[in-house]
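Chemist: Got a structure here, written out as structure tokens. Questions coming.
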Amino acid sequence: MIENNRISKVLTKDEIVEIQKGISTLKGTFDFLKNLTPKERKNLPKINSANKIFAEDSIHILEGEPQWVPMALTAQEPRKDLKLYEQLDPIILELEGLLRQMKDTQMIAGSEVYRVALSVYSLADAARKIPMEGAQSAYELLKTRFTQSTSTPISTAQNNTTEA
């Protein structure tokens with residue numbers, strides 16, 4: 001069972017406080033961030049690697065202040081928007097990587113505890129058949145919760161207990 005234990009960590013109160021402070025600091029630094037509705041997210045025209053050069057070229061044209069462009073349309077704001085777009089890209093990649101690691105670590109920790117639970121369930125089932133004291137009540141408690149679980153079908157769960 002020990003060889004299946006990939007995570008053995010509990011965050012201390014101080015670590016949680018430090019993490020929350022860091023998140024608060026990030027939120028404070030990013031106080032300009034906006035939320036979009038699903039409809040807005042779907043309908044906004046999006047820049048990508050293929051059309052980024054098109055956008056850059058249009059900014060260069062605006063910087064030349066051609067006579068056919070209204071004076072209200074300047075390069076200043078699109079230039080700032082493009083710069084922010086470029087600045088956010090590596091930050092988003094870093095945070096996505098961190099978030100993926102956090103989710104993977106959470107999945108491992110959850111899987112480890114669930115495997116132990118499946119082992120205890122199998123042991124209680126075997127022990128009640130002997131019979132051993134307390135095994136029947138433990139089995140009944142776990143069976144009720146196990147059959148209510150929708151995350152793992154019983155056949156898969158039983159296969160996993162042999163691995164654990």
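Every chain in the structure tokens takes a letter, A first, then B, and so on in the order presented; its residues are numbered from 1, and the ligands are numbered from 1 following the presented order.
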Write out as a ChimeraX atom specification the residues lying within 12 Å of Asn4 in chain A, counting only C-alpha atoms and excluding same-chain residues fewer than 5 positions away.

Modeler: /A:108-109,111-116,163-164

Chemist: Name the residues of chain A that fall into alpha helix (DSSP H) according to DSSP on the backbone, using the chain letters and numbers of this document, as a count of residues only.

Modeler: 116

Chemist: Restricting the calculation to only C-alpha atoms: of A:Lys46, A:Lys143, A:Lys27, A:Lys34, which residue gets closest to Ser122 in chain A?

Modeler: A:Lys143

Chemist: Given the choices A:Thr105, A:Ser137, A:Leu123, A:Leu84, which gets closest to Leu33 in chain A if the distance is worked out from only C-alpha atoms?

Modeler: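 Ranked by minimum distance to Leu33 in chain A, first place goes to A:Leu84.
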
Chemist: Neighbours of Leu62 in chain A within 9 Å (only C-alpha atoms; same-chain residues fewer than 4 positions away dropped), as an mmCIF file with N, CA and C atoms, in the first residue's frame?

Modeler:
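Contents of out-v1.cif, as written:
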data_model
loop_
_atom_site.group_PDB
_atom_site.id
_atom_site.type_symbol
_atom_site.label_atom_id
_atom_site.label_comp_id
_atom_site.auth_asym_id
_atom_site.auth_seq_id
_atom_site.Cartn_x
_atom_site.Cartn_y
_atom_site.Cartn_z
ATOM 1 N N ASP A 57 -0.381 44.805 -38.089
ATOM 2 C CA ASP A 57 -0.309 45.617 -39.304
ATOM 3 C C ASP A 57 -1.322 46.765 -39.264
ATOM 4 N N SER A 58 -2.507 46.489 -38.754
ATOM 5 C CA SER A 58 -3.513 47.557 -38.680
ATOM 6 C C SER A 58 -3.076 48.648 -37.707
ATOM 7 N N PRO A 66 -3.177 57.825 -41.489
ATOM 8 C CA PRO A 66 -3.640 58.105 -42.859
ATOM 9 C C PRO A 66 -4.884 58.989 -42.837
ATOM 10 N N VAL A 69 -8.557 57.548 -42.273
ATOM 11 C CA VAL A 69 -8.971 57.003 -40.977
ATOM 12 C C VAL A 69 -9.480 58.158 -40.111
ATOM 13 N N LEU A 73 -10.013 57.411 -34.256
ATOM 14 C CA LEU A 73 -9.454 56.058 -34.274
ATOM 15 C C LEU A 73 -7.932 56.160 -34.286
ATOM 16 N N THR A 74 -7.326 55.934 -33.098
ATOM 17 C CA THR A 74 -5.873 56.064 -32.976
ATOM 18 C C THR A 74 -5.248 54.716 -32.654
ATOM 19 N N ALA A 75 -3.935 54.668 -32.694
ATOM 20 C CA ALA A 75 -3.204 53.430 -32.421
ATOM 21 C C ALA A 75 -2.960 53.210 -30.932
ATOM 22 N N GLN A 76 -3.155 54.240 -30.122
ATOM 23 C CA GLN A 76 -2.771 54.171 -28.712
ATOM 24 C C GLN A 76 -3.460 53.030 -27.952
#

Chemist: With a distance cut-off of 12 Å and only C-alpha atoms, select the neighbouring residues of range 88-91 of chain A, excluding the residue or stretch itself and same-chain residues fewer than 5 positions from it, and output the selection as a PyMOL selection string.

Modeler: chain A and resi 26+30+33+48-49+81-83+96-98

Chemist: Write out, as an mmCIF file, in the first residue's frame, the residues just selected, with all heavy atoms.

Modeler:
data_model
loop_
_atom_site.group_PDB
_atom_site.id
_atom_site.type_symbol
_atom_site.label_atom_id
_atom_site.label_comp_id
_atom_site.auth_asym_id
_atom_site.auth_seq_id
_atom_site.Cartn_x
_atom_site.Cartn_y
_atom_site.Cartn_z
ATOM 1 N N LEU A 26 -2.145 38.556 -6.026
ATOM 2 C CA LEU A 26 -2.397 38.442 -7.464
ATOM 3 C C LEU A 26 -3.698 39.143 -7.850
ATOM 4 O O LEU A 26 -3.743 39.883 -8.834
ATOM 5 C CB LEU A 26 -2.481 36.972 -7.875
ATOM 6 C CG LEU A 26 -1.178 36.260 -8.165
ATOM 7 C CD1 LEU A 26 -1.439 34.788 -8.449
ATOM 8 C CD2 LEU A 26 -0.437 36.895 -9.314
ATOM 9 N N PHE A 30 -4.086 42.229 -10.381
ATOM 10 C CA PHE A 30 -4.944 42.053 -11.554
ATOM 11 C C PHE A 30 -6.332 42.645 -11.332
ATOM 12 O O PHE A 30 -7.331 42.109 -11.814
ATOM 13 C CB PHE A 30 -5.090 40.564 -11.897
ATOM 14 C CG PHE A 30 -3.865 39.946 -12.492
ATOM 15 C CD1 PHE A 30 -3.195 38.935 -11.830
ATOM 16 C CD2 PHE A 30 -3.388 40.362 -13.723
ATOM 17 C CE1 PHE A 30 -2.064 38.352 -12.384
ATOM 18 C CE2 PHE A 30 -2.257 39.789 -14.288
ATOM 19 C CZ PHE A 30 -1.592 38.782 -13.624
ATOM 20 N N LEU A 33 -8.962 42.873 -14.222
ATOM 21 C CA LEU A 33 -9.519 41.713 -14.927
ATOM 22 C C LEU A 33 -11.038 41.801 -15.031
ATOM 23 O O LEU A 33 -11.702 42.350 -14.158
ATOM 24 C CB LEU A 33 -9.117 40.416 -14.216
ATOM 25 C CG LEU A 33 -7.637 40.078 -14.188
ATOM 26 C CD1 LEU A 33 -7.390 38.787 -13.428
ATOM 27 C CD2 LEU A 33 -7.059 39.992 -15.593
ATOM 28 N N ASN A 48 -5.582 35.369 -32.570
ATOM 29 C CA ASN A 48 -4.807 34.134 -32.454
ATOM 30 C C ASN A 48 -3.522 34.318 -33.251
ATOM 31 O O ASN A 48 -3.283 35.390 -33.815
ATOM 32 C CB ASN A 48 -5.621 32.928 -32.931
ATOM 33 C CG ASN A 48 -6.105 33.072 -34.360
ATOM 34 O OD1 ASN A 48 -5.406 33.609 -35.215
ATOM 35 N ND2 ASN A 48 -7.319 32.608 -34.626
ATOM 36 N N SER A 49 -2.712 33.304 -33.307
ATOM 37 C CA SER A 49 -1.420 33.446 -33.986
ATOM 38 C C SER A 49 -1.597 33.772 -35.469
ATOM 39 O O SER A 49 -0.776 34.474 -36.056
ATOM 40 C CB SER A 49 -0.578 32.186 -33.810
ATOM 41 O OG SER A 49 -1.261 31.061 -34.320
ATOM 42 N N ASP A 81 -3.682 47.381 -25.790
ATOM 43 C CA ASP A 81 -4.392 46.100 -25.704
ATOM 44 C C ASP A 81 -3.531 44.946 -26.207
ATOM 45 O O ASP A 81 -3.492 43.871 -25.608
ATOM 46 C CB ASP A 81 -5.699 46.151 -26.505
ATOM 47 C CG ASP A 81 -6.739 47.071 -25.883
ATOM 48 O OD1 ASP A 81 -6.623 47.399 -24.687
ATOM 49 O OD2 ASP A 81 -7.677 47.463 -26.607
ATOM 50 N N LEU A 82 -2.818 45.179 -27.312
ATOM 51 C CA LEU A 82 -1.941 44.147 -27.854
ATOM 52 C C LEU A 82 -0.806 43.842 -26.874
ATOM 53 O O LEU A 82 -0.457 42.682 -26.658
ATOM 54 C CB LEU A 82 -1.381 44.570 -29.213
ATOM 55 C CG LEU A 82 -0.469 43.554 -29.897
ATOM 56 C CD1 LEU A 82 -1.214 42.240 -30.162
ATOM 57 C CD2 LEU A 82 0.090 44.132 -31.192
ATOM 58 N N LYS A 83 -0.249 44.881 -26.269
ATOM 59 C CA LYS A 83 0.835 44.690 -25.298
ATOM 60 C C LYS A 83 0.323 43.872 -24.116
ATOM 61 O O LYS A 83 0.988 42.933 -23.664
ATOM 62 C CB LYS A 83 1.368 46.058 -24.835
ATOM 63 C CG LYS A 83 2.510 45.980 -23.872
ATOM 64 C CD LYS A 83 3.758 45.474 -24.548
ATOM 65 C CE LYS A 83 4.935 45.532 -23.603
ATOM 66 N NZ LYS A 83 6.141 44.971 -24.174
ATOM 67 N N GLU A 96 -1.862 28.272 -15.642
ATOM 68 C CA GLU A 96 -2.528 27.050 -16.109
ATOM 69 C C GLU A 96 -1.723 25.819 -15.720
ATOM 70 O O GLU A 96 -2.286 24.805 -15.325
ATOM 71 C CB GLU A 96 -2.751 27.086 -17.621
ATOM 72 C CG GLU A 96 -3.896 27.977 -18.043
ATOM 73 C CD GLU A 96 -4.069 28.078 -19.554
ATOM 74 O OE1 GLU A 96 -3.105 27.808 -20.313
ATOM 75 O OE2 GLU A 96 -5.174 28.456 -19.979
ATOM 76 N N GLY A 97 -0.400 25.912 -15.830
ATOM 77 C CA GLY A 97 0.460 24.799 -15.419
ATOM 78 C C GLY A 97 0.336 24.529 -13.931
ATOM 79 O O GLY A 97 0.239 23.373 -13.502
ATOM 80 N N LEU A 98 0.342 25.590 -13.138
ATOM 81 C CA LEU A 98 0.184 25.448 -11.686
ATOM 82 C C LEU A 98 -1.182 24.868 -11.347
ATOM 83 O O LEU A 98 -1.290 23.952 -10.519
ATOM 84 C CB LEU A 98 0.384 26.802 -10.995
ATOM 85 C CG LEU A 98 0.230 26.826 -9.485
ATOM 86 C CD1 LEU A 98 1.265 25.924 -8.803
ATOM 87 C CD2 LEU A 98 0.343 28.256 -8.963
#
